[in-house]
file upload-v3.cif (mmCIF, C-alpha atoms (C1' of nucleotides))
data_coords
loop_
_atom_site.label_atom_id
_atom_site.label_comp_id
_atom_site.auth_asym_id
_atom_site.auth_seq_id
_atom_site.Cartn_x
_atom_site.Cartn_y
_atom_site.Cartn_z
CA MET A 101 31.99 6.42 -18.27
CA ALA A 102 29.99 3.31 -17.53
CA ARG A 103 31.69 1.54 -14.69
CA THR A 104 31.09 -2.14 -14.25
CA VAL A 105 32.22 -2.13 -10.65
CA PRO A 106 29.50 -1.55 -8.03
CA LEU A 107 29.73 1.87 -6.41
CA LEU A 108 29.99 2.73 -2.77
CA ILE A 109 27.08 4.47 -1.16
CA ASP A 110 27.34 6.00 2.27
CA ILE A 111 24.40 6.45 4.57
CA ALA A 112 24.64 8.61 7.67
CA THR A 113 23.62 6.77 10.82
CA GLY A 114 22.60 9.84 12.78
CA ASP A 115 19.99 10.84 10.24
CA THR A 116 16.35 11.31 11.18
CA ARG A 117 15.14 10.34 7.72
CA PRO A 118 13.93 6.79 7.15
CA ILE A 119 16.64 4.55 5.71
CA VAL A 120 14.76 4.07 2.47
CA ARG A 121 14.58 7.83 2.07
CA GLN A 122 18.29 8.23 2.76
CA ILE A 123 19.11 5.75 0.04
CA THR A 124 16.76 7.20 -2.55
CA ASP A 125 17.85 10.77 -1.80
CA GLY A 126 21.50 9.77 -1.95
CA VAL A 127 21.22 7.99 -5.27
CA ARG A 128 19.11 10.72 -6.83
CA ILE A 129 21.69 13.33 -5.87
CA LYS A 130 24.60 11.23 -7.06
CA ILE A 131 22.91 10.86 -10.42
CA SER A 132 21.87 14.50 -10.58
CA THR A 133 25.35 15.78 -9.87
CA GLY A 134 26.94 13.35 -12.29
CA GLU A 135 28.83 11.49 -9.60
CA ILE A 136 27.41 8.34 -11.13
CA GLU A 137 26.35 8.17 -14.76
CA PRO A 138 23.96 6.30 -17.04
CA GLY A 139 25.21 2.76 -17.49
CA ASP A 140 26.94 2.57 -14.14
CA GLN A 141 26.07 -0.45 -12.08
CA LEU A 142 24.81 -0.10 -8.54
CA PRO A 143 25.65 -2.33 -5.60
CA SER A 144 23.46 -5.41 -5.41
CA VAL A 145 20.50 -5.45 -3.07
CA ARG A 146 22.16 -7.94 -0.77
CA GLY A 147 25.60 -6.39 -1.10
CA LEU A 148 24.53 -2.89 -0.14
CA ALA A 149 22.37 -4.25 2.66
CA GLN A 150 25.31 -6.11 4.14
CA GLN A 151 27.60 -3.12 3.70
CA LEU A 152 25.18 -0.82 5.52
CA GLY A 153 24.13 -3.41 8.06
CA ILE A 154 20.48 -3.17 7.14
CA ASN A 155 17.83 -5.47 5.80
CA PRO A 156 17.94 -6.42 2.09
CA ASN A 157 14.24 -5.67 1.84
CA THR A 158 14.91 -2.08 2.80
CA VAL A 159 17.42 -1.69 -0.01
CA ALA A 160 15.10 -3.48 -2.44
CA LYS A 161 12.33 -1.09 -1.53
CA ALA A 162 14.54 1.92 -2.18
CA TYR A 163 15.74 0.52 -5.51
CA ALA A 164 12.18 -0.31 -6.54
CA GLU A 165 11.13 3.26 -5.87
CA LEU A 166 14.02 4.64 -7.90
CA THR A 167 13.23 2.22 -10.72
CA THR A 168 9.57 3.22 -10.97
CA GLU A 169 10.65 6.86 -10.97
CA GLY A 170 12.93 6.19 -13.92
CA TRP A 171 16.29 6.72 -12.22
CA LEU A 172 17.38 3.10 -12.44
CA GLU A 173 16.95 0.19 -14.81
CA ALA A 174 16.78 -3.40 -13.60
CA ARG A 175 18.13 -6.24 -15.68
CA GLN A 176 16.84 -9.46 -14.22
CA GLY A 177 19.64 -11.62 -12.93
CA LEU A 178 22.28 -9.02 -13.77
CA GLY A 179 21.81 -6.07 -11.51
CA LEU A 180 20.64 -2.47 -11.40
CA TYR A 181 22.02 0.26 -13.64
CA VAL A 182 21.65 4.01 -13.84
CA ALA A 183 19.04 4.68 -16.51
CA PRO A 184 19.75 6.87 -19.55
CA LYS A 185 19.17 10.53 -18.93
CA ARG A 186 15.68 11.48 -19.89
CA GLN A 187 12.70 13.16 -18.35
CA ARG A 188 12.41 11.27 -15.08
CA LEU A 189 9.30 13.09 -13.90
CA SER A 190 6.40 14.77 -15.63
CA ARG A 191 6.28 18.54 -15.74
CA GLY A 192 3.37 18.67 -13.35
CA GLU A 193 4.96 16.30 -10.90
CA ARG A 194 8.19 18.30 -10.97
CA GLU A 195 6.31 21.51 -10.33
CA ARG A 196 4.35 19.95 -7.49
CA ARG A 197 7.47 18.64 -5.77
CA PHE A 198 9.28 21.91 -6.19
CA ASP A 199 6.32 23.69 -4.69
CA ASP A 200 6.21 21.37 -1.71
CA ALA A 201 9.93 21.69 -1.11
CA VAL A 202 9.85 25.48 -1.18
CA GLN A 203 6.82 25.67 1.08
CA ARG A 204 8.30 23.36 3.66
CA PHE A 205 11.66 25.05 3.52
CA VAL A 206 10.17 28.46 4.10
CA ALA A 207 7.99 27.13 6.91
CA ASP A 208 11.12 25.74 8.53
CA VAL A 209 13.33 28.75 8.03
CA VAL A 210 11.11 31.78 8.59
CA PRO A 211 10.65 31.14 12.32
CA LEU A 212 14.43 30.97 12.68
CA ASN A 213 14.59 34.62 11.73
CA ILE A 214 17.53 34.31 9.36
CA ALA A 215 18.46 36.99 6.88
CA PRO A 216 17.40 36.20 3.29
CA GLU A 217 20.93 36.82 2.02
CA GLU A 218 22.27 34.18 4.36
CA VAL A 219 19.61 31.75 3.23
CA HIS A 220 20.59 32.22 -0.40
CA ALA A 221 24.26 31.99 0.43
CA ARG A 222 23.86 28.74 2.30
CA ILE A 223 21.80 27.18 -0.45
CA ASP A 224 24.41 28.14 -3.04
CA ALA A 225 27.13 26.75 -0.83
CA GLU A 226 25.28 23.47 -0.48
CA PHE A 227 24.72 23.27 -4.22
CA ALA A 228 28.38 23.94 -4.84
CA ALA A 229 29.43 21.30 -2.33
CA LEU A 230 27.42 18.72 -4.22
CA GLN A 231 28.74 19.71 -7.62
CA ARG A 232 32.27 19.54 -6.27
CA ARG A 233 31.87 15.86 -5.48
CA ARG A 234 31.73 14.97 -9.15
CA ALA A 235 34.45 12.73 -10.50
CA MET B 191 -1.66 45.56 19.33
CA ALA B 192 -2.71 42.94 21.84
CA ARG B 193 -6.03 41.60 20.77
CA THR B 194 -8.25 40.00 23.37
CA VAL B 195 -10.37 38.19 20.83
CA PRO B 196 -9.18 34.68 19.87
CA LEU B 197 -7.70 34.52 16.39
CA LEU B 198 -8.69 32.34 13.49
CA ILE B 199 -6.24 29.72 12.35
CA ASP B 200 -6.74 27.88 9.11
CA ILE B 201 -5.37 24.42 8.47
CA ALA B 202 -5.26 22.97 4.96
CA THR B 203 -7.03 19.64 4.70
CA GLY B 204 -5.05 18.34 1.74
CA ASP B 205 -1.73 18.61 3.54
CA THR B 206 0.56 15.63 4.00
CA ARG B 207 2.04 16.99 7.22
CA PRO B 208 0.69 15.72 10.53
CA ILE B 209 -2.00 17.98 11.96
CA VAL B 210 0.17 18.89 14.95
CA ARG B 211 2.90 20.03 12.58
CA GLN B 212 0.48 22.09 10.51
CA ILE B 213 -0.65 23.92 13.61
CA THR B 214 2.83 24.55 15.01
CA ASP B 215 4.16 25.65 11.62
CA GLY B 216 1.18 27.91 11.08
CA VAL B 217 1.46 29.61 14.45
CA ARG B 218 5.24 30.00 14.21
CA ILE B 219 4.93 31.68 10.84
CA LYS B 220 2.09 33.94 11.96
CA ILE B 221 4.19 35.10 14.88
CA SER B 222 7.34 35.45 12.78
CA THR B 223 5.65 37.56 10.18
CA GLY B 224 3.92 39.71 12.76
CA GLU B 225 0.45 38.59 11.75
CA ILE B 226 -0.13 37.94 15.43
CA GLU B 227 1.77 39.76 18.13
CA PRO B 228 2.96 39.30 21.69
CA GLY B 229 0.00 39.55 24.03
CA ASP B 230 -2.50 38.29 21.48
CA GLN B 231 -4.69 35.50 22.71
CA LEU B 232 -5.00 32.24 20.80
CA PRO B 233 -8.12 30.15 20.32
CA SER B 234 -8.79 27.77 23.19
CA VAL B 235 -7.76 24.16 22.92
CA ARG B 236 -11.33 22.99 22.71
CA GLY B 237 -12.44 25.87 20.52
CA LEU B 238 -9.81 25.37 17.86
CA ALA B 239 -10.34 21.62 17.95
CA GLN B 240 -14.02 22.03 17.30
CA GLN B 241 -13.41 24.62 14.60
CA LEU B 242 -11.00 22.31 12.77
CA GLY B 243 -12.98 19.16 13.48
CA ILE B 244 -10.08 17.45 15.21
CA ASN B 245 -9.35 16.10 18.65
CA PRO B 246 -8.66 18.60 21.46
CA ASN B 247 -5.63 16.54 22.45
CA THR B 248 -4.07 17.19 19.07
CA VAL B 249 -4.39 20.92 19.55
CA ALA B 250 -3.14 20.65 23.12
CA LYS B 251 -0.08 18.78 21.91
CA ALA B 252 0.69 21.47 19.35
CA TYR B 253 0.21 24.23 21.91
CA ALA B 254 2.39 22.40 24.41
CA GLU B 255 5.19 22.15 21.88
CA LEU B 256 4.95 25.85 21.06
CA THR B 257 4.93 26.70 24.75
CA THR B 258 8.06 24.71 25.55
CA GLU B 259 9.76 26.36 22.57
CA GLY B 260 8.93 29.76 23.99
CA TRP B 261 6.47 30.93 21.35
CA LEU B 262 3.44 30.89 23.64
CA GLU B 263 2.70 31.56 27.27
CA ALA B 264 -0.01 29.70 29.13
CA ARG B 265 -1.97 31.34 31.89
CA GLN B 266 -3.83 28.66 33.76
CA GLY B 267 -7.56 29.06 33.48
CA LEU B 268 -7.24 32.04 31.18
CA GLY B 269 -5.84 30.89 27.90
CA LEU B 270 -2.75 30.94 25.72
CA TYR B 271 -1.01 34.09 24.64
CA VAL B 272 1.79 34.94 22.25
CA ALA B 273 4.93 35.27 24.35
CA PRO B 274 7.03 38.43 24.39
CA LYS B 275 9.60 38.56 21.62
CA ARG B 276 12.87 37.16 22.83
CA GLN B 277 15.34 34.53 21.81
CA ARG B 278 13.07 31.55 21.31
CA LEU B 279 15.84 29.12 20.47
CA SER B 280 19.46 28.80 21.40
CA ARG B 281 22.08 29.75 18.84
CA GLY B 282 23.18 26.17 18.44
CA GLU B 283 19.67 24.89 18.04
CA ARG B 284 18.90 27.55 15.45
CA GLU B 285 22.02 26.66 13.52
CA ARG B 286 21.21 22.97 13.65
CA ARG B 287 17.67 23.49 12.38
CA PHE B 288 18.82 25.81 9.64
CA ASP B 289 21.36 23.23 8.56
CA ASP B 290 18.77 20.46 8.47
CA ALA B 291 16.35 22.59 6.50
CA VAL B 292 18.94 23.52 3.88
CA GLN B 293 20.18 19.95 3.54
CA ARG B 294 16.72 18.54 3.07
CA PHE B 295 15.71 21.30 0.70
CA VAL B 296 18.72 20.75 -1.52
CA ALA B 297 18.19 16.99 -1.45
CA ASP B 298 14.63 17.57 -2.60
CA VAL B 299 15.39 20.15 -5.26
CA VAL B 300 18.62 19.03 -6.91
CA PRO B 301 17.08 15.94 -8.51
CA LEU B 302 14.39 18.14 -10.03
CA ASN B 303 17.06 19.84 -12.09
CA ILE B 304 15.84 23.37 -11.57
CA ALA B 305 17.96 26.43 -12.32
CA PRO B 306 19.46 28.05 -9.21
CA GLU B 307 18.07 31.42 -10.20
CA GLU B 308 14.57 30.02 -10.25
CA VAL B 309 15.11 28.44 -6.85
CA HIS B 310 16.14 31.76 -5.35
CA ALA B 311 13.31 33.55 -7.06
CA ARG B 312 10.70 31.16 -5.75
CA ILE B 313 12.03 31.36 -2.22
CA ASP B 314 11.95 35.14 -2.31
CA ALA B 315 8.43 35.04 -3.68
CA GLU B 316 7.33 32.74 -0.88
CA PHE B 317 8.97 34.98 1.72
CA ALA B 318 7.27 38.02 0.25
CA ALA B 319 3.91 36.27 0.21
CA LEU B 320 4.20 35.63 3.92
CA GLN B 321 5.26 39.17 4.76
CA ARG B 322 2.34 40.48 2.75
CA ARG B 323 -0.13 38.77 5.06
CA ARG B 324 0.73 41.06 7.93
CA ALA B 325 -2.02 43.26 9.29
"C1'" DC C 1169 24.58 -27.34 -11.61
"C1'" DA C 1170 25.97 -23.68 -8.45
"C1'" DT C 1171 25.81 -19.03 -7.61
"C1'" DC C 1172 24.99 -14.73 -8.43
"C1'" DT C 1173 21.24 -11.18 -9.70
"C1'" DG C 1174 16.26 -8.78 -8.80
"C1'" DT C 1175 11.49 -9.63 -7.29
"C1'" DA C 1176 7.59 -11.01 -4.48
"C1'" DC C 1177 5.46 -12.57 -0.97
"C1'" DT C 1178 3.95 -13.30 4.47
"C1'" DG C 1179 4.51 -12.13 9.09
"C1'" DT C 1180 6.30 -9.54 13.13
"C1'" DT C 1181 7.98 -5.72 15.85
"C1'" DA C 1182 8.24 -0.96 17.12
"C1'" DG C 1183 7.11 3.76 16.72
"C1'" DT C 1184 3.98 7.53 15.62
"C1'" DG C 1185 -0.19 10.20 14.58
"C1'" DC C 1186 -4.57 10.70 15.98
"C1'" DT C 1187 -8.74 9.86 18.42
"C1'" DA C 1188 -11.49 9.01 22.67
"C1'" DG C 1189 -12.46 9.47 27.33
"C1'" DT C 1190 -11.69 11.05 31.91
"C1'" DA C 1191 -9.98 13.85 35.54
"C1'" DC C 1192 -8.10 17.90 37.87
"C1'" DA C 1193 -6.63 22.72 39.00
"C1'" DG C 1194 -6.89 27.71 38.06
"C1'" DT C 1195 -9.87 31.80 36.58
"C1'" DA C 1196 -14.03 34.59 35.80
"C1'" DC C 1197 -18.55 35.95 36.69
"C1'" DA C 1198 -23.35 35.96 38.12
"C1'" DT D 116 -20.92 29.66 46.13
"C1'" DG D 117 -21.89 27.54 41.86
"C1'" DT D 118 -21.20 27.24 37.05
"C1'" DA D 119 -18.67 27.50 33.05
"C1'" DC D 120 -14.91 28.46 31.07
"C1'" DT D 121 -9.56 27.91 30.63
"C1'" DG D 122 -4.97 24.59 30.24
"C1'" DT D 123 -2.92 20.15 31.64
"C1'" DA D 124 -2.26 15.22 32.42
"C1'" DC D 125 -3.22 10.96 32.10
"C1'" DT D 126 -4.71 6.02 29.91
"C1'" DA D 127 -6.25 3.32 26.09
"C1'" DG D 128 -7.03 2.03 21.43
"C1'" DC D 129 -6.80 2.18 16.31
"C1'" DA D 130 -4.38 2.87 11.90
"C1'" DC D 131 -0.41 3.49 9.43
"C1'" DT D 132 4.49 3.13 8.40
"C1'" DA D 133 9.40 1.75 8.80
"C1'" DA D 134 12.16 -1.88 9.29
"C1'" DC D 135 13.38 -6.55 10.03
"C1'" DA D 136 13.09 -11.73 9.25
"C1'" DG D 137 12.33 -15.51 6.48
"C1'" DT D 138 11.22 -17.88 2.31
"C1'" DA D 139 10.66 -18.62 -2.47
"C1'" DC D 140 11.18 -18.02 -7.44
"C1'" DA D 141 12.93 -16.66 -12.13
"C1'" DG D 142 16.68 -14.91 -15.04
"C1'" DA D 143 21.86 -14.67 -15.99
"C1'" DT D 144 26.51 -16.43 -15.76
"C1'" DG D 145 30.23 -19.49 -15.41
#
call {"tool": "encode", "arguments": {"input": "upload-v3.cif", "output": "structure tokens"}}
result
Amino acid sequence: MARTVPLLIDIATGDTRPIVRQITDGVRIKISTGEIEPGDQLPSVRGLAQQLGINPNTVAKAYAELTTEGWLEARQGLGLYVAPKRQRLSRGERERRFDDAVQRFVADVVPLNIAPEEVHARIDAEFAALQRRRA
Amino acid sequence: MARTVPLLIDIATGDTRPIVRQITDGVRIKISTGEIEPGDQLPSVRGLAQQLGINPNTVAKAYAELTTEGWLEARQGLGLYVAPKRQRLSRGERERRFDDAVQRFVADVVPLNIAPEEVHARIDAEFAALQRRRA
DNA sequence: CATCTGTACTGTTAGTGCTAGTACAGTACA
DNA sequence: TGTACTGTACTAGCACTAACAGTACAGATG
């Protein structure tokens, strides 16, 4: 359902990721899991910035990135909305990102000497936790 | 077997990771997979730097990080050696890193809309590829 | 017209990655 | 003893990025 009320977005303060990255990751996941849907309106640049206590430019940068990637649609003077579901990235780009993610993950995890079954279990658990957040 | 000859380490040039990170990741994986073993000697700071065409300080920084983490042992005036296999990280630290890795991986992958089975398959494949590199 | 929206600049500050150079102490060997 | 290796410890500088600060402008709405 397309909500007209701006949504709340929560950003963890103790995160090592850059703020822009936290916002883009958060929105992408919320859209992917269906927590927010095409047509929903996002908080305004200034509104979200004030809510999070960060600079409006930082939010604008995150929104701009999400817009060029096809996740959001901007309507000048109105606000930002979740774009209709379509292919947001090219096949090649998707494959490349998936590749990078897997490589980095394995590089991070292998030295920790964790059993493969536990790795799979934890990933599934994390997936499930995200899906469970859906309205 | 403890080799006395310095090993070759290859660093990809088209990698987005910082050089220090590429080195530390590479060495950690080589040790984890058994490609290099406790007692093996690593290339000298200056030697590896020259081989890779980078600054000796960069290599030294990577080696220092690996040493403080317990992966390597330095013998002043002699060189760096793979440390004996023991608990390299505390339980809590391991858990924390594993958590971070899973969280980031899921954040990267979920928006790509890839089937969970394929995710697991690719991870297993990557694991297997690393294990296959062992002597 | 006033006020909201996104967008687009310039400029500054702080941190990091990397390079460059120098110096010093321990080890090995002729 | 001298020389040439090893790792280690500094300082300094450059380039890039994240984030903040400030300002301005155009479109939409009432």
call {"tool": "atom_distance", "arguments": {"input": "upload-v3.cif", "atom1": "atom C1' of DT123 of chain D", "atom2": "atom C1' of DC1192 of chain C"}}
result
8.4 Å
call {"tool": "closest_residue", "arguments": {"input": "upload-v3.cif", "among": "A:Ala164, A:Ile214, A:Ala228, A:Ala112", "to": "chain C", "atoms": "only C-alpha atoms (C1' of nucleotides)"}}
result
A:Ala164
call {"tool": "residues_around", "arguments": {"input": "upload-v3.cif", "residues": "Ala252 of chain B", "least_positions_apart": "2", "cutoff": "6 Å", "atoms": "all atoms listed in the file", "output": "list in words"}}
result
Val210, Thr214, Val249, Ala250, Ala254 and Glu255 of chain B
call {"tool": "interface_residues", "arguments": {"input": "upload-v3.cif", "of": "chain A", "to": "chain D", "cutoff": "9 Å", "atoms": "all atoms listed in the file", "output": "list in words"}}
result
Pro118, Ile119, Val120, Ile154, Asn155, Asn157, Thr158, Arg175, Gln176, Gly177 and Leu178 of chain A
call {"tool": "calpha_fit_and_write", "arguments": {"input": "upload-v3.cif", "fixed": "chain A", "moving": "chain B", "output": "mmCIF file with C-alpha atoms, keeping the file's coordinate frame"}}
result
data_model
loop_
_atom_site.group_PDB
_atom_site.id
_atom_site.type_symbol
_atom_site.label_atom_id
_atom_site.label_comp_id
_atom_site.auth_asym_id
_atom_site.auth_seq_id
_atom_site.Cartn_x
_atom_site.Cartn_y
_atom_site.Cartn_z
ATOM 1 C CA MET B 191 32.019 6.452 -18.293
ATOM 2 C CA ALA B 192 30.028 3.328 -17.556
ATOM 3 C CA ARG B 193 31.696 1.553 -14.722
ATOM 4 C CA THR B 194 31.107 -2.154 -14.321
ATOM 5 C CA VAL B 195 32.234 -2.212 -10.722
ATOM 6 C CA PRO B 196 29.494 -1.624 -8.113
ATOM 7 C CA LEU B 197 29.727 1.776 -6.466
ATOM 8 C CA LEU B 198 30.008 2.627 -2.813
ATOM 9 C CA ILE B 199 27.107 4.399 -1.197
ATOM 10 C CA ASP B 200 27.423 5.899 2.235
ATOM 11 C CA ILE B 201 24.480 6.393 4.549
ATOM 12 C CA ALA B 202 24.759 8.585 7.640
ATOM 13 C CA THR B 203 23.800 6.766 10.811
ATOM 14 C CA GLY B 204 22.758 9.844 12.764
ATOM 15 C CA ASP B 205 20.109 10.834 10.248
ATOM 16 C CA THR B 206 16.476 11.279 11.217
ATOM 17 C CA ARG B 207 15.213 10.321 7.768
ATOM 18 C CA PRO B 208 14.013 6.770 7.184
ATOM 19 C CA ILE B 209 16.723 4.544 5.738
ATOM 20 C CA VAL B 210 14.800 4.093 2.486
ATOM 21 C CA ARG B 211 14.667 7.860 2.080
ATOM 22 C CA GLN B 212 18.376 8.237 2.776
ATOM 23 C CA ILE B 213 19.164 5.755 0.046
ATOM 24 C CA THR B 214 16.799 7.225 -2.545
ATOM 25 C CA ASP B 215 17.929 10.777 -1.785
ATOM 26 C CA GLY B 216 21.564 9.752 -1.939
ATOM 27 C CA VAL B 217 21.249 7.979 -5.268
ATOM 28 C CA ARG B 218 19.142 10.747 -6.817
ATOM 29 C CA ILE B 219 21.715 13.345 -5.864
ATOM 30 C CA LYS B 220 24.638 11.239 -7.068
ATOM 31 C CA ILE B 221 22.952 10.853 -10.428
ATOM 32 C CA SER B 222 21.922 14.509 -10.595
ATOM 33 C CA THR B 223 25.388 15.757 -9.890
ATOM 34 C CA GLY B 224 26.973 13.326 -12.309
ATOM 35 C CA GLU B 225 28.862 11.465 -9.610
ATOM 36 C CA ILE B 226 27.434 8.317 -11.144
ATOM 37 C CA GLU B 227 26.397 8.119 -14.763
ATOM 38 C CA PRO B 228 23.990 6.274 -17.022
ATOM 39 C CA GLY B 229 25.205 2.724 -17.493
ATOM 40 C CA ASP B 230 26.946 2.559 -14.135
ATOM 41 C CA GLN B 231 26.061 -0.457 -12.082
ATOM 42 C CA LEU B 232 24.816 -0.126 -8.516
ATOM 43 C CA PRO B 233 25.637 -2.373 -5.582
ATOM 44 C CA SER B 234 23.424 -5.441 -5.373
ATOM 45 C CA VAL B 235 20.465 -5.471 -3.048
ATOM 46 C CA ARG B 236 22.087 -7.976 -0.756
ATOM 47 C CA GLY B 237 25.533 -6.442 -1.059
ATOM 48 C CA LEU B 238 24.487 -2.946 -0.095
ATOM 49 C CA ALA B 239 22.314 -4.298 2.698
ATOM 50 C CA GLN B 240 25.218 -6.170 4.179
ATOM 51 C CA GLN B 241 27.546 -3.210 3.742
ATOM 52 C CA LEU B 242 25.134 -0.899 5.569
ATOM 53 C CA GLY B 243 24.068 -3.498 8.110
ATOM 54 C CA ILE B 244 20.406 -3.231 7.191
ATOM 55 C CA ASN B 245 17.753 -5.518 5.805
ATOM 56 C CA PRO B 246 17.912 -6.423 2.093
ATOM 57 C CA ASN B 247 14.210 -5.634 1.817
ATOM 58 C CA THR B 248 14.889 -2.050 2.803
ATOM 59 C CA VAL B 249 17.388 -1.669 0.000
ATOM 60 C CA ALA B 250 15.065 -3.434 -2.422
ATOM 61 C CA LYS B 251 12.290 -1.021 -1.522
ATOM 62 C CA ALA B 252 14.528 1.971 -2.173
ATOM 63 C CA TYR B 253 15.712 0.533 -5.480
ATOM 64 C CA ALA B 254 12.151 -0.250 -6.506
ATOM 65 C CA GLU B 255 11.111 3.328 -5.861
ATOM 66 C CA LEU B 256 14.024 4.674 -7.891
ATOM 67 C CA THR B 257 13.222 2.264 -10.700
ATOM 68 C CA THR B 258 9.572 3.271 -10.949
ATOM 69 C CA GLU B 259 10.674 6.915 -10.962
ATOM 70 C CA GLY B 260 12.935 6.212 -13.905
ATOM 71 C CA TRP B 261 16.293 6.744 -12.223
ATOM 72 C CA LEU B 262 17.380 3.111 -12.433
ATOM 73 C CA GLU B 263 16.949 0.222 -14.809
ATOM 74 C CA ALA B 264 16.782 -3.351 -13.596
ATOM 75 C CA ARG B 265 18.111 -6.189 -15.676
ATOM 76 C CA GLN B 266 16.846 -9.411 -14.209
ATOM 77 C CA GLY B 267 19.638 -11.581 -12.924
ATOM 78 C CA LEU B 268 22.263 -8.998 -13.768
ATOM 79 C CA GLY B 269 21.816 -6.040 -11.511
ATOM 80 C CA LEU B 270 20.657 -2.442 -11.396
ATOM 81 C CA TYR B 271 22.016 0.260 -13.625
ATOM 82 C CA VAL B 272 21.653 4.015 -13.840
ATOM 83 C CA ALA B 273 19.048 4.689 -16.512
ATOM 84 C CA PRO B 274 19.763 6.840 -19.555
ATOM 85 C CA LYS B 275 19.214 10.531 -18.948
ATOM 86 C CA ARG B 276 15.711 11.488 -19.912
ATOM 87 C CA GLN B 277 12.745 13.186 -18.368
ATOM 88 C CA ARG B 278 12.433 11.293 -15.112
ATOM 89 C CA LEU B 279 9.338 13.112 -13.930
ATOM 90 C CA SER B 280 6.427 14.769 -15.621
ATOM 91 C CA ARG B 281 6.311 18.549 -15.737
ATOM 92 C CA GLY B 282 3.374 18.665 -13.381
ATOM 93 C CA GLU B 283 4.955 16.306 -10.920
ATOM 94 C CA ARG B 284 8.185 18.293 -10.955
ATOM 95 C CA GLU B 285 6.289 21.499 -10.338
ATOM 96 C CA ARG B 286 4.323 19.949 -7.506
ATOM 97 C CA ARG B 287 7.441 18.636 -5.783
ATOM 98 C CA PHE B 288 9.253 21.914 -6.207
ATOM 99 C CA ASP B 289 6.298 23.712 -4.689
ATOM 100 C CA ASP B 290 6.179 21.371 -1.708
ATOM 101 C CA ALA B 291 9.897 21.695 -1.121
ATOM 102 C CA VAL B 292 9.809 25.493 -1.176
ATOM 103 C CA GLN B 293 6.766 25.662 1.084
ATOM 104 C CA ARG B 294 8.255 23.353 3.660
ATOM 105 C CA PHE B 295 11.624 25.051 3.513
ATOM 106 C CA VAL B 296 10.134 28.474 4.105
ATOM 107 C CA ALA B 297 7.961 27.134 6.917
ATOM 108 C CA ASP B 298 11.087 25.737 8.533
ATOM 109 C CA VAL B 299 13.296 28.766 8.024
ATOM 110 C CA VAL B 300 11.072 31.789 8.594
ATOM 111 C CA PRO B 301 10.623 31.130 12.315
ATOM 112 C CA LEU B 302 14.395 30.975 12.682
ATOM 113 C CA ASN B 303 14.556 34.623 11.717
ATOM 114 C CA ILE B 304 17.492 34.330 9.370
ATOM 115 C CA ALA B 305 18.422 37.028 6.864
ATOM 116 C CA PRO B 306 17.360 36.226 3.290
ATOM 117 C CA GLU B 307 20.865 36.849 2.026
ATOM 118 C CA GLU B 308 22.229 34.219 4.357
ATOM 119 C CA VAL B 309 19.562 31.777 3.229
ATOM 120 C CA HIS B 310 20.532 32.228 -0.403
ATOM 121 C CA ALA B 311 24.195 32.012 0.421
ATOM 122 C CA ARG B 312 23.818 28.762 2.301
ATOM 123 C CA ILE B 313 21.768 27.196 -0.459
ATOM 124 C CA ASP B 314 24.357 28.151 -3.044
ATOM 125 C CA ALA B 315 27.089 26.767 -0.831
ATOM 126 C CA GLU B 316 25.234 23.484 -0.475
ATOM 127 C CA PHE B 317 24.682 23.291 -4.233
ATOM 128 C CA ALA B 318 28.349 23.965 -4.860
ATOM 129 C CA ALA B 319 29.387 21.334 -2.340
ATOM 130 C CA LEU B 320 27.389 18.742 -4.225
ATOM 131 C CA GLN B 321 28.732 19.734 -7.627
ATOM 132 C CA ARG B 322 32.247 19.552 -6.250
ATOM 133 C CA ARG B 323 31.856 15.857 -5.503
ATOM 134 C CA ARG B 324 31.742 14.969 -9.166
ATOM 135 C CA ALA B 325 34.478 12.738 -10.505
#
call {"tool": "interface_residues", "arguments": {"input": "upload-v3.cif", "of": "chain C", "to": "chain A", "cutoff": "8 Å", "atoms": "all atoms listed in the file", "output": "number ranges by chain"}}
result
C: 1172-1174
call {"tool": "interface_residues", "arguments": {"input": "upload-v3.cif", "of": "chain A", "to": "chain B", "cutoff": "8 Å", "atoms": "only C-alpha atoms", "output": "PyMOL selection string"}}
result
chain A and resi 125-126+128-129+131-132+194+197-198+201-203+205-213+216+220+222-224+226-227
call {"tool": "write_last_selection", "arguments": {"input": "upload-v3.cif", "atoms": "C-alpha atoms", "output": "mmCIF file, keeping the file's coordinate frame"}}
result
data_model
loop_
_atom_site.group_PDB
_atom_site.id
_atom_site.type_symbol
_atom_site.label_atom_id
_atom_site.label_comp_id
_atom_site.auth_asym_id
_atom_site.auth_seq_id
_atom_site.Cartn_x
_atom_site.Cartn_y
_atom_site.Cartn_z
ATOM 1 C CA ASP A 125 17.850 10.770 -1.800
ATOM 2 C CA GLY A 126 21.500 9.770 -1.950
ATOM 3 C CA ARG A 128 19.110 10.720 -6.830
ATOM 4 C CA ILE A 129 21.690 13.330 -5.870
ATOM 5 C CA ILE A 131 22.910 10.860 -10.420
ATOM 6 C CA SER A 132 21.870 14.500 -10.580
ATOM 7 C CA ARG A 194 8.190 18.300 -10.970
ATOM 8 C CA ARG A 197 7.470 18.640 -5.770
ATOM 9 C CA PHE A 198 9.280 21.910 -6.190
ATOM 10 C CA ALA A 201 9.930 21.690 -1.110
ATOM 11 C CA VAL A 202 9.850 25.480 -1.180
ATOM 12 C CA GLN A 203 6.820 25.670 1.080
ATOM 13 C CA PHE A 205 11.660 25.050 3.520
ATOM 14 C CA VAL A 206 10.170 28.460 4.100
ATOM 15 C CA ALA A 207 7.990 27.130 6.910
ATOM 16 C CA ASP A 208 11.120 25.740 8.530
ATOM 17 C CA VAL A 209 13.330 28.750 8.030
ATOM 18 C CA VAL A 210 11.110 31.780 8.590
ATOM 19 C CA PRO A 211 10.650 31.140 12.320
ATOM 20 C CA LEU A 212 14.430 30.970 12.680
ATOM 21 C CA ASN A 213 14.590 34.620 11.730
ATOM 22 C CA PRO A 216 17.400 36.200 3.290
ATOM 23 C CA HIS A 220 20.590 32.220 -0.400
ATOM 24 C CA ARG A 222 23.860 28.740 2.300
ATOM 25 C CA ILE A 223 21.800 27.180 -0.450
ATOM 26 C CA ASP A 224 24.410 28.140 -3.040
ATOM 27 C CA GLU A 226 25.280 23.470 -0.480
ATOM 28 C CA PHE A 227 24.720 23.270 -4.220
#
